[in-house]
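coords.txt follows; it contains compact mmCIF, C-alpha atoms.
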```txt
# COMPACT_ATOMS: atom_id res chain seq x y z
CA MET A 1 78.86 85.18 146.10
CA ALA A 2 76.66 85.22 149.20
CA MET A 3 75.18 88.68 149.43
CA GLY A 4 72.33 88.41 151.92
CA THR A 5 71.04 91.91 152.54
CA ASP A 6 74.39 93.55 153.29
CA PRO A 7 74.41 96.74 151.16
CA ALA A 8 78.18 96.77 150.58
CA ALA A 9 78.21 93.11 149.50
CA ILE A 10 75.24 93.65 147.20
CA ALA A 11 76.83 96.73 145.60
CA THR A 12 80.13 94.90 145.08
CA ALA A 13 78.30 92.01 143.46
CA VAL A 14 76.44 94.39 141.14
CA VAL A 15 79.71 95.86 139.88
CA GLU A 16 81.13 92.39 139.26
CA MET A 17 77.96 91.39 137.39
CA ALA A 18 78.27 94.47 135.18
CA ARG A 19 81.93 93.74 134.63
CA SER A 20 81.05 90.30 133.29
CA GLY A 21 78.07 91.51 131.24
CA ARG A 22 75.39 89.95 133.47
CA PHE A 23 72.93 92.84 133.21
CA ALA A 24 69.86 90.62 133.38
CA ASP A 25 71.08 89.36 136.76
CA ILE A 26 71.40 92.92 137.99
CA GLU A 27 67.85 93.66 136.85
CA THR A 28 66.56 90.94 139.20
CA LEU A 29 67.79 93.13 142.07
CA PHE A 30 65.81 96.18 140.94
CA ALA A 31 63.04 97.28 143.30
CA PRO A 32 59.71 97.95 141.49
CA PRO A 33 60.19 101.77 141.23
CA LEU A 34 63.61 101.30 139.57
CA ARG A 35 62.33 98.49 137.35
CA ALA A 36 59.64 100.87 136.06
CA VAL A 37 62.22 103.27 134.62
CA ALA A 38 65.21 101.06 133.84
CA SER A 39 65.96 97.64 132.42
CA ALA A 40 68.91 95.37 131.79
CA GLU A 41 69.21 96.93 128.34
CA THR A 42 69.16 100.48 129.74
CA LEU A 43 71.96 99.58 132.13
CA GLN A 44 73.92 97.85 129.36
CA VAL A 45 73.76 100.94 127.14
CA GLY A 46 74.99 103.18 129.95
CA TRP A 47 77.73 100.78 131.01
CA GLU A 48 79.04 100.13 127.49
CA SER A 49 78.96 103.83 126.67
CA GLN A 50 81.23 104.40 129.65
CA LEU A 51 83.56 101.60 128.54
CA SER A 52 83.84 103.17 125.09
CA ARG A 53 84.80 106.41 126.77
CA ILE A 54 87.31 105.31 129.39
CA GLY A 55 88.27 101.75 128.50
CA ALA A 56 88.07 98.44 130.31
CA ILE A 57 88.09 98.15 134.10
CA SER A 58 91.53 97.87 135.65
CA ALA A 59 90.55 97.99 139.36
CA VAL A 60 87.48 98.08 141.62
CA GLY A 61 87.78 100.00 144.87
CA ALA A 62 86.29 99.29 148.27
CA PRO A 63 82.60 100.17 148.76
CA ILE A 64 81.83 103.34 150.72
CA SER A 65 78.57 103.05 152.68
CA GLU A 66 76.70 105.97 154.22
CA PRO A 67 73.13 106.88 155.17
CA ALA A 68 71.07 107.77 152.11
CA PRO A 69 70.18 111.47 151.61
CA GLU A 70 66.93 112.52 153.22
CA SER A 71 65.37 113.17 149.81
CA TRP A 72 65.95 109.51 148.81
CA VAL A 73 64.44 108.22 152.06
CA THR A 74 61.41 110.51 151.76
CA ALA A 75 60.79 109.52 148.15
CA THR A 76 61.01 105.78 148.70
CA GLY A 77 59.63 105.49 152.20
CA LYS A 78 62.55 103.22 153.02
CA ALA A 79 63.94 104.33 156.37
CA GLU A 80 66.81 101.80 156.17
CA LEU A 81 68.01 102.95 152.76
CA VAL A 82 71.82 102.90 152.44
CA LYS A 83 73.88 104.73 149.82
CA VAL A 84 76.86 102.70 148.58
CA SER A 85 79.53 104.19 146.29
CA ILE A 86 82.14 102.03 144.58
CA PRO A 87 85.05 103.73 142.79
CA VAL A 88 85.99 101.95 139.58
CA THR A 89 89.26 102.61 137.76
CA HIS A 90 89.41 102.17 133.99
CA GLU A 91 92.23 102.24 131.44
CA ARG A 92 91.63 105.91 130.59
CA GLY A 93 89.81 107.28 133.60
CA GLY A 94 87.24 106.15 136.11
CA LEU A 95 83.71 106.35 137.43
CA THR A 96 81.76 105.80 140.63
CA VAL A 97 78.91 103.29 140.74
CA VAL A 98 76.35 104.68 143.21
CA MET A 99 73.52 102.52 144.54
CA ALA A 100 70.68 102.94 147.02
CA VAL A 101 70.07 99.59 148.73
CA ASP A 102 66.98 99.03 150.87
CA GLU A 103 66.57 96.78 153.92
CA THR A 104 65.45 93.85 151.76
CA GLY A 105 68.59 94.00 149.62
CA LEU A 106 66.90 95.51 146.54
CA LEU A 107 68.20 98.47 144.55
CA GLN A 108 66.05 101.57 144.76
CA ASP A 109 68.51 103.54 142.62
CA LEU A 110 71.59 102.88 140.48
CA GLN A 111 73.75 105.58 138.90
CA LEU A 112 77.02 105.76 137.01
CA ALA A 113 78.57 108.91 138.45
CA PRO A 114 81.83 110.76 137.79
CA PRO A 115 84.93 109.54 139.62
CA LEU A 116 85.85 110.92 143.02
CA THR A 117 88.25 113.71 142.12
CA GLU A 118 90.37 116.52 143.43
CA PRO A 119 88.60 119.76 144.39
CA TRP A 120 87.70 122.21 141.63
CA THR A 121 89.97 125.24 141.34
CA PRO A 122 88.79 128.63 140.01
CA PRO A 123 89.59 129.69 136.44
CA SER A 124 92.21 132.40 136.00
CA TYR A 125 89.61 134.88 134.78
CA ALA A 126 87.59 134.72 138.02
CA ARG A 127 88.15 137.69 140.37
CA ARG A 128 86.73 136.51 143.68
CA LYS A 129 87.05 139.92 145.37
CA ARG A 130 84.69 141.46 142.82
CA PHE A 131 81.55 139.59 143.91
CA ASP A 132 79.82 137.97 146.88
CA GLU A 133 77.89 134.71 146.96
CA HIS A 134 74.67 133.96 148.84
CA GLU A 135 72.73 130.74 149.26
CA VAL A 136 69.12 131.01 148.07
CA THR A 137 66.07 128.78 147.67
CA VAL A 138 64.51 128.60 144.21
CA GLY A 139 60.84 127.72 144.01
CA SER A 140 58.54 126.73 146.84
CA GLY A 141 56.95 123.66 148.33
CA ALA A 142 58.29 120.12 148.33
CA LEU A 143 60.25 120.56 145.08
CA ALA A 144 62.06 123.79 146.00
CA VAL A 145 65.79 123.55 145.25
CA PRO A 146 68.91 125.18 146.69
CA GLY A 147 70.91 127.64 144.62
CA THR A 148 73.69 130.21 144.70
CA LEU A 149 73.51 133.89 143.80
CA SER A 150 76.79 135.45 142.66
CA LEU A 151 76.37 139.19 143.13
CA PRO A 152 78.90 141.78 141.87
CA ARG A 153 80.11 144.30 144.41
CA GLY A 154 79.71 147.99 143.73
CA HIS A 155 77.00 150.17 142.34
CA GLY A 156 73.88 148.62 140.85
CA PRO A 157 71.54 147.86 139.43
CA CYS A 158 73.35 145.28 137.32
CA PRO A 159 72.24 142.87 134.58
CA ALA A 160 71.65 139.27 135.63
CA ALA A 161 71.50 135.77 134.21
CA VAL A 162 69.81 132.55 135.26
CA LEU A 163 71.95 129.53 134.33
CA LEU A 164 70.33 126.29 133.13
CA SER A 165 72.41 123.12 132.86
CA GLY A 166 72.12 120.30 130.37
CA GLY A 167 70.15 117.07 130.37
CA GLY A 168 70.64 114.86 133.41
CA PRO A 169 70.44 115.30 137.17
CA PHE A 170 73.09 118.03 137.45
CA ASP A 171 73.89 120.10 140.49
CA ARG A 172 74.06 123.90 140.28
CA ASP A 173 77.64 123.81 138.97
CA ALA A 174 76.98 121.14 136.31
CA THR A 175 79.70 119.13 138.05
CA SER A 176 81.30 116.56 135.79
CA GLY A 177 84.36 114.83 137.20
CA PRO A 178 86.84 117.54 138.20
CA ASN A 179 85.03 120.23 136.22
CA LYS A 180 82.27 122.69 137.07
CA PRO A 181 81.42 124.56 133.85
CA LEU A 182 78.44 126.48 135.25
CA LYS A 183 80.53 127.62 138.21
CA ASP A 184 83.17 128.79 135.72
CA LEU A 185 80.52 130.81 133.93
CA ALA A 186 79.00 132.19 137.13
CA TRP A 187 82.31 133.33 138.59
CA GLY A 188 83.55 134.67 135.26
CA LEU A 189 80.40 136.70 134.62
CA ALA A 190 80.12 137.93 138.21
CA SER A 191 83.73 139.12 137.95
CA ARG A 192 82.56 141.26 135.03
CA GLY A 193 79.55 142.88 136.63
CA VAL A 194 76.78 140.37 135.89
CA ALA A 195 74.72 138.85 138.71
CA VAL A 196 74.29 135.10 138.21
CA LEU A 197 71.85 132.65 139.77
CA ARG A 198 72.49 128.92 139.40
CA PHE A 199 70.64 126.12 141.18
CA ASP A 200 70.48 122.36 141.59
CA LYS A 201 68.16 120.75 139.09
CA VAL A 202 65.04 119.23 140.60
CA THR A 203 66.17 115.86 139.25
CA HIS A 204 69.32 116.21 141.36
CA ALA A 205 67.80 117.62 144.55
CA HIS A 206 64.65 115.48 144.52
CA ALA A 207 65.48 112.49 142.33
CA GLY A 208 63.18 110.09 144.14
CA GLN A 209 60.16 112.37 144.15
CA VAL A 210 60.57 113.16 140.47
CA ALA A 211 60.87 109.47 139.58
CA SER A 212 57.49 108.88 141.20
CA ILE A 213 55.73 111.46 138.96
CA PRO A 214 54.53 109.42 135.96
CA ASP A 215 53.81 112.34 133.61
CA PHE A 216 56.98 114.34 134.38
CA THR A 217 58.24 116.23 131.28
CA MET A 218 61.15 118.38 130.14
CA SER A 219 58.98 121.42 130.80
CA ASP A 220 58.42 120.27 134.40
CA GLU A 221 62.15 119.66 134.75
CA TYR A 222 63.15 123.20 133.80
CA VAL A 223 60.42 125.81 133.47
CA PRO A 224 58.98 126.20 137.02
CA HIS A 225 62.38 126.65 138.67
CA ALA A 226 63.73 128.83 135.86
CA VAL A 227 60.75 131.17 136.16
CA ALA A 228 61.10 131.23 139.96
CA ALA A 229 64.80 132.10 139.56
CA ILE A 230 63.95 134.93 137.14
CA HIS A 231 61.47 136.39 139.64
CA LEU A 232 63.98 136.05 142.48
CA LEU A 233 66.52 138.09 140.53
CA GLN A 234 63.96 140.67 139.44
CA ARG A 235 63.04 141.30 143.08
CA HIS A 236 66.64 141.81 144.18
CA PRO A 237 67.44 145.50 144.76
CA ALA A 238 70.92 145.19 143.22
CA VAL A 239 69.57 143.75 139.95
CA ASP A 240 68.08 145.66 137.02
CA ALA A 241 64.72 143.90 136.71
CA ALA A 242 64.52 144.82 133.02
CA ARG A 243 67.82 143.07 132.26
CA VAL A 244 67.38 139.52 133.55
CA TYR A 245 68.43 136.94 130.96
CA VAL A 246 68.34 133.16 130.68
CA ALA A 247 71.56 131.36 129.72
CA GLY A 248 71.17 127.65 129.03
CA HIS A 249 73.69 124.97 128.11
CA SER A 250 72.84 121.93 125.95
CA MET A 251 69.29 120.85 126.92
CA GLY A 252 69.16 124.00 129.05
CA GLY A 253 69.73 125.95 125.82
CA LYS A 254 67.14 123.89 123.99
CA VAL A 255 64.51 124.67 126.63
CA ALA A 256 65.47 128.35 127.08
CA PRO A 257 62.98 129.57 124.43
CA ARG A 258 60.19 127.72 126.25
CA VAL A 259 61.20 129.48 129.49
CA ALA A 260 61.05 132.87 127.75
CA ALA A 261 57.65 131.99 126.28
CA ALA A 262 56.42 131.16 129.79
CA GLU A 263 57.92 134.31 131.33
CA PRO A 264 57.77 137.22 128.84
CA SER A 265 59.68 139.58 131.16
CA VAL A 266 62.95 137.79 130.25
CA ALA A 267 65.26 140.30 128.56
CA GLY A 268 66.88 137.80 126.19
CA LEU A 269 68.53 134.41 125.80
CA VAL A 270 72.05 133.02 125.70
CA ILE A 271 72.04 129.54 124.14
CA LEU A 272 75.25 127.54 124.56
CA ALA A 273 75.42 124.33 122.50
CA GLY A 274 71.65 124.14 122.40
CA ASP A 275 70.48 121.11 120.44
CA THR A 276 67.87 121.39 117.70
CA GLN A 277 68.07 117.83 116.32
CA PRO A 278 65.44 115.63 118.00
CA MET A 279 67.14 114.22 121.07
CA HIS A 280 66.40 110.56 120.38
CA GLN A 281 67.94 110.89 116.91
CA ALA A 282 70.96 112.69 118.37
CA ALA A 283 71.34 109.86 120.90
CA VAL A 284 71.66 107.33 118.09
CA ARG A 285 74.22 109.52 116.32
CA VAL A 286 76.29 109.99 119.49
CA VAL A 287 76.23 106.30 120.48
CA ARG A 288 77.28 105.35 116.95
CA HIS A 289 80.16 107.79 117.28
CA LEU A 290 81.20 106.24 120.59
CA ALA A 291 80.95 102.76 119.08
CA SER A 292 83.32 103.88 116.32
CA LEU A 293 85.84 104.52 119.09
CA ASP A 294 85.12 101.17 120.72
CA PRO A 295 83.51 98.50 118.51
CA GLY A 296 82.62 96.56 121.65
CA ALA A 297 79.80 99.04 122.24
CA GLN A 298 77.87 97.88 119.16
CA ALA A 299 75.16 96.31 121.34
CA ALA A 300 74.48 99.77 122.77
CA VAL A 301 73.91 101.07 119.22
CA GLU A 302 71.33 98.37 118.55
CA THR A 303 69.50 99.09 121.80
CA ILE A 304 69.40 102.87 121.44
CA THR A 305 68.32 102.55 117.80
CA ARG A 306 65.40 100.34 118.78
CA GLN A 307 64.43 102.67 121.64
CA ALA A 308 64.63 105.74 119.39
CA ALA A 309 62.39 104.06 116.82
CA LEU A 310 59.76 103.64 119.52
CA VAL A 311 59.94 107.39 120.25
CA ASP A 312 59.17 108.06 116.56
CA SER A 313 56.43 105.45 116.49
CA PRO A 314 52.73 106.39 116.54
CA GLN A 315 52.47 103.74 119.27
CA LEU A 316 54.32 106.01 121.73
CA SER A 317 52.02 107.02 124.58
CA ALA A 318 52.22 108.24 128.14
CA GLU A 319 51.79 104.61 129.20
CA THR A 320 54.79 103.32 127.23
CA PRO A 321 57.16 101.81 129.84
CA ALA A 322 60.13 104.08 130.50
CA ALA A 323 62.41 101.04 130.52
CA GLU A 324 61.72 100.62 126.78
CA LEU A 325 62.67 104.23 125.94
CA PRO A 326 66.00 106.07 125.70
CA PHE A 327 67.64 107.09 128.99
CA GLY A 328 64.74 105.66 130.99
CA TYR A 329 62.65 108.80 130.37
CA SER A 330 58.90 108.27 130.49
CA GLY A 331 56.52 108.18 127.55
CA ALA A 332 55.13 111.52 128.70
CA TYR A 333 58.63 113.01 128.70
CA TRP A 334 59.28 111.86 125.13
CA LEU A 335 55.87 113.01 123.91
CA ASP A 336 56.66 116.48 125.26
CA LEU A 337 60.09 116.46 123.60
CA ARG A 338 58.69 115.16 120.32
CA GLY A 339 56.19 118.00 120.19
CA TYR A 340 58.66 120.77 121.03
CA ASP A 341 60.43 122.77 118.31
CA PRO A 342 63.03 125.01 119.97
CA VAL A 343 63.80 127.00 116.82
CA ALA A 344 60.16 127.77 116.06
CA THR A 345 59.59 128.70 119.70
CA ALA A 346 62.61 131.02 119.60
CA ALA A 347 61.55 132.56 116.29
CA ALA A 348 58.20 133.52 117.82
CA LEU A 349 59.93 135.48 120.59
CA ASP A 350 60.66 139.17 120.29
CA LYS A 351 63.87 138.75 122.27
CA PRO A 352 67.55 139.26 121.47
CA MET A 353 69.59 136.06 121.47
CA LEU A 354 73.23 135.07 121.62
CA ILE A 355 73.81 131.55 120.24
CA LEU A 356 77.21 129.95 120.87
CA GLN A 357 78.58 126.68 119.52
CA GLY A 358 81.81 124.74 119.94
CA GLY A 359 83.39 123.66 116.67
CA ARG A 360 84.78 120.43 118.21
CA ASP A 361 81.50 119.42 119.87
CA TYR A 362 80.45 115.89 118.87
CA GLN A 363 77.29 115.85 121.01
CA VAL A 364 75.66 119.04 119.73
CA THR A 365 77.22 119.80 116.38
CA VAL A 366 77.54 122.62 113.88
CA ALA A 367 76.05 120.46 111.12
CA ASP A 368 73.24 118.78 113.04
CA ASP A 369 72.16 121.46 115.53
CA LEU A 370 73.59 124.92 114.90
CA ALA A 371 72.29 124.65 111.35
CA GLY A 372 68.77 124.65 112.80
CA TRP A 373 69.29 127.91 114.69
CA GLN A 374 70.92 129.46 111.62
CA ALA A 375 68.08 128.46 109.31
CA GLY A 376 65.40 129.81 111.62
CA LEU A 377 67.07 132.87 113.14
CA ALA A 378 70.08 134.04 111.10
CA HIS A 379 67.96 136.68 109.36
CA ARG A 380 67.18 138.36 112.67
CA PRO A 381 69.35 141.44 113.41
CA ASP A 382 68.89 140.86 117.16
CA VAL A 383 70.35 137.34 116.99
CA THR A 384 74.12 136.86 117.22
CA ILE A 385 75.63 133.47 116.34
CA ARG A 386 79.24 132.58 117.11
CA VAL A 387 81.28 129.40 116.63
CA TYR A 388 84.39 128.71 118.71
CA ASP A 389 86.38 126.36 116.52
CA ALA A 390 88.65 125.06 119.30
CA ASP A 391 85.89 124.35 121.86
CA ASP A 392 84.11 121.10 122.73
CA HIS A 393 80.62 120.55 124.15
CA LEU A 394 81.51 122.11 127.51
CA PHE A 395 83.31 124.98 125.75
CA PHE A 396 86.65 123.66 126.89
CA PRO A 397 89.28 124.67 124.31
CA GLY A 398 91.54 122.03 122.81
CA SER A 399 92.80 120.52 119.57
CA GLY A 400 92.05 117.43 117.54
CA PRO A 401 88.84 115.39 117.70
CA SER A 402 86.94 115.72 120.97
CA THR A 403 86.44 112.51 122.96
CA PRO A 404 84.42 111.74 126.12
CA ALA A 405 87.64 111.12 128.03
CA ASP A 406 88.51 114.81 127.60
CA TYR A 407 85.80 115.70 130.13
CA ASP A 408 87.68 113.88 132.87
CA LYS A 409 90.64 116.26 132.67
CA PRO A 410 90.53 119.42 134.84
CA GLN A 411 89.61 122.28 132.49
CA HIS A 412 87.74 125.57 132.41
CA VAL A 413 85.25 127.24 130.10
CA ASP A 414 86.95 129.22 127.35
CA ALA A 415 87.77 132.72 128.64
CA THR A 416 86.71 134.20 125.28
CA VAL A 417 83.25 132.67 125.67
CA VAL A 418 82.88 134.24 129.13
CA THR A 419 84.03 137.63 127.85
CA ASP A 420 81.71 137.51 124.83
CA ILE A 421 78.69 136.68 127.01
CA ALA A 422 79.55 139.46 129.47
CA ASP A 423 79.98 141.97 126.64
CA TRP A 424 76.64 140.94 125.14
CA LEU A 425 74.80 141.13 128.47
CA ALA A 426 76.30 144.45 129.56
CA PRO A 427 77.83 146.21 126.53
CA ARG A 428 78.01 149.65 128.10
CA GLN A 429 79.67 148.37 131.27
CA SER A 430 82.06 146.22 129.26
CA ALA A 431 83.14 149.19 127.14
CA ILE A 432 83.87 151.20 130.29
CA ALA A 433 85.78 148.25 131.76
CA ARG A 434 87.95 148.07 128.65
CA ILE A 435 88.75 151.80 128.92
CA VAL A 436 89.65 151.47 132.59
CA ALA A 437 91.81 148.46 131.81
CA SER A 438 93.69 150.43 129.15
CA PHE A 439 94.73 153.01 131.75
CA LYS A 440 96.02 150.25 134.04
CA ARG A 441 98.38 148.82 131.44
```
Let me see whether you can do it: turn the structure in this file into structure tokens.
Amino acid sequence: MAMGTDPAAIATAVVEMARSGRFADIETLFAPPLRAVASAETLQVGWESQLSRIGAISAVGAPISEPAPESWVTATGKAELVKVSIPVTHERGGLTVVMAVDETGLLQDLQLAPPLTEPWTPPSYARRKRFDEHEVTVGSGALAVPGTLSLPRGHGPCPAAVLLSGGGPFDRDATSGPNKPLKDLAWGLASRGVAVLRFDKVTHAHAGQVASIPDFTMSDEYVPHAVAAIHLLQRHPAVDAARVYVAGHSMGGKVAPRVAAAEPSVAGLVILAGDTQPMHQAAVRVVRHLASLDPGAQAAVETITRQAALVDSPQLSAETPAAELPFGYSGAYWLDLRGYDPVATAAALDKPMLILQGGRDYQVTVADDLAGWQAGLAHRPDVTIRVYDADDHLFFPGSGPSTPADYDKPQHVDATVVTDIADWLAPRQSAIARIVASFKR
């Protein structure tokens, strides 16, 4: 196929190469910054993991070309950068292959994104007339990020929560296909008298700039913006500055104790499906699980196992090429993760904690992760641990074994989870609300 430097033609060719397993050919199109963090093997793991989740490709849509976001252009210095999105339909779902193609025809970025879907609809427990929303800026300088403050109407001051999403370049809503679990939480809690601040992760808002920082770590990814969000809430006249909490999901839950250690004014923590098993070991477990659903993904198991072994190796250093490590994270990132113990960090805090876990979660599990929180914190009277047997990793209720394809169905965070968090954050207000509700029956 003659591609030249036409971005749409190049992007279409990349999808066809992936479809036929020619990942090494795709790697030849990587620009140096992308080559530094990704390899043919990295792409193969991601691609085959998707195939195990949603099946083989049944159709490839037409490429959609548009000017690249300003943040991409600024980060790469490529004024002619073009964003190309190609919708791909699979047997059990779909995805969007998103590429940034420069004027020489090289790929500055390549992502496997959720499919283009119908608009999100609010959960039944959200009461939009009970709160207002305001756009805010979290942090300062070149890496400041946009966010949304959901503020209950009525008399204050009210308790508040900063939401932290899981690992990956998530937006403020943790958008995944048709679902927005952090928006569910924000609207559900704001409907019950809790102010909520959520914001785009720096890896979403400034992906290019972050990729150019060689020693970027999990702490850099979360802590500065989380602390800035805490301070923003504490300064708001409608918020009780003494009752600002951090609520983190998945990696956001894992890092929440580090945020509280960095900002002692935090009132407490809500940890939703926070992982305690070392992430590289969990990655091997999860990819093996996916390969059990699709034996064709066995090559991904071999790759992730080899990459995880390098994380455990004494040879790991800040100079270890990111392309040789899981998820394309840098050596510095993995060194930081390897040295961080979330349970020990939490145990050293004199803070109340609410730890929630889905019983059907195959990514962060009762046996592999919740057991860590229980072993280190169950003796604490100010720590509450709850398991929701019917819920998966995103706290979507269901039945039977959870599968990745479940995430592609429009769903909402379990209403019981939202109620339990609201009751824990504002017990006095929740008790009054229950009394008022009894009179309305």
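Considering the residues A:Asp240, A:Glu91, A:Asp220, A:Asp392 and counting all atoms listed in the file, Ala332 in chain A has its shortest atom-to-atom contact with A:Asp220.
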If you count only C-alpha atoms, which residues fall within 12 Å of range 250-253 of chain A, apart from same-chain ones fewer than 4 positions away, as JSON, numbers by chain? {"A": [162, 163, 164, 165, 166, 167, 168, 169, 170, 174, 181, 182, 198, 201, 218, 219, 221, 222, 223, 226, 246, 257, 258, 259, 260, 269, 270, 271, 272, 273, 274, 275, 276, 277, 278, 279, 282, 337, 342, 343, 346, 353, 354, 355, 356, 357, 358, 361, 363, 364, 365, 369, 370, 373, 392, 393, 394, 395]}
Which residue gives the smallest distance to Lys180 in chain A among A:Ser58, A:Ala256, A:Pro114, A:Ile230, with all atoms listed in the file counted?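 Checking each candidate against Lys180 in chain A, we get A:Pro114 as the closest.
Proximity of A:Leu51, A:Ile10, A:Ala24, A:Val227 to Pro63 in chain A, computed with all atoms listed in the file, is greatest for A:Ile10.
Shortest separation to His90 in chain A among A:Thr104, A:Pro122, A:Ile57, A:Ala378 occurs at residue A:Ile57, atoms counted being all atoms listed in the file.
For the pair CA of Glu80 in chain A and CA of Asp109 in chain A, the separation is 13.8 Å.
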Which of these residues is nearest to Lys409 in chain A, using only C-alpha atoms: A:Gly105, A:Pro157, A:Pro33, A:Pro178?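 Counting only C-alpha atoms, the residue closest to Lys409 in chain A is A:Pro178.
Residue nearest Ala238 in chain A, chosen from A:Val266, A:Leu149, A:Ile385, A:Ala344 and counting only C-alpha atoms: A:Leu149.
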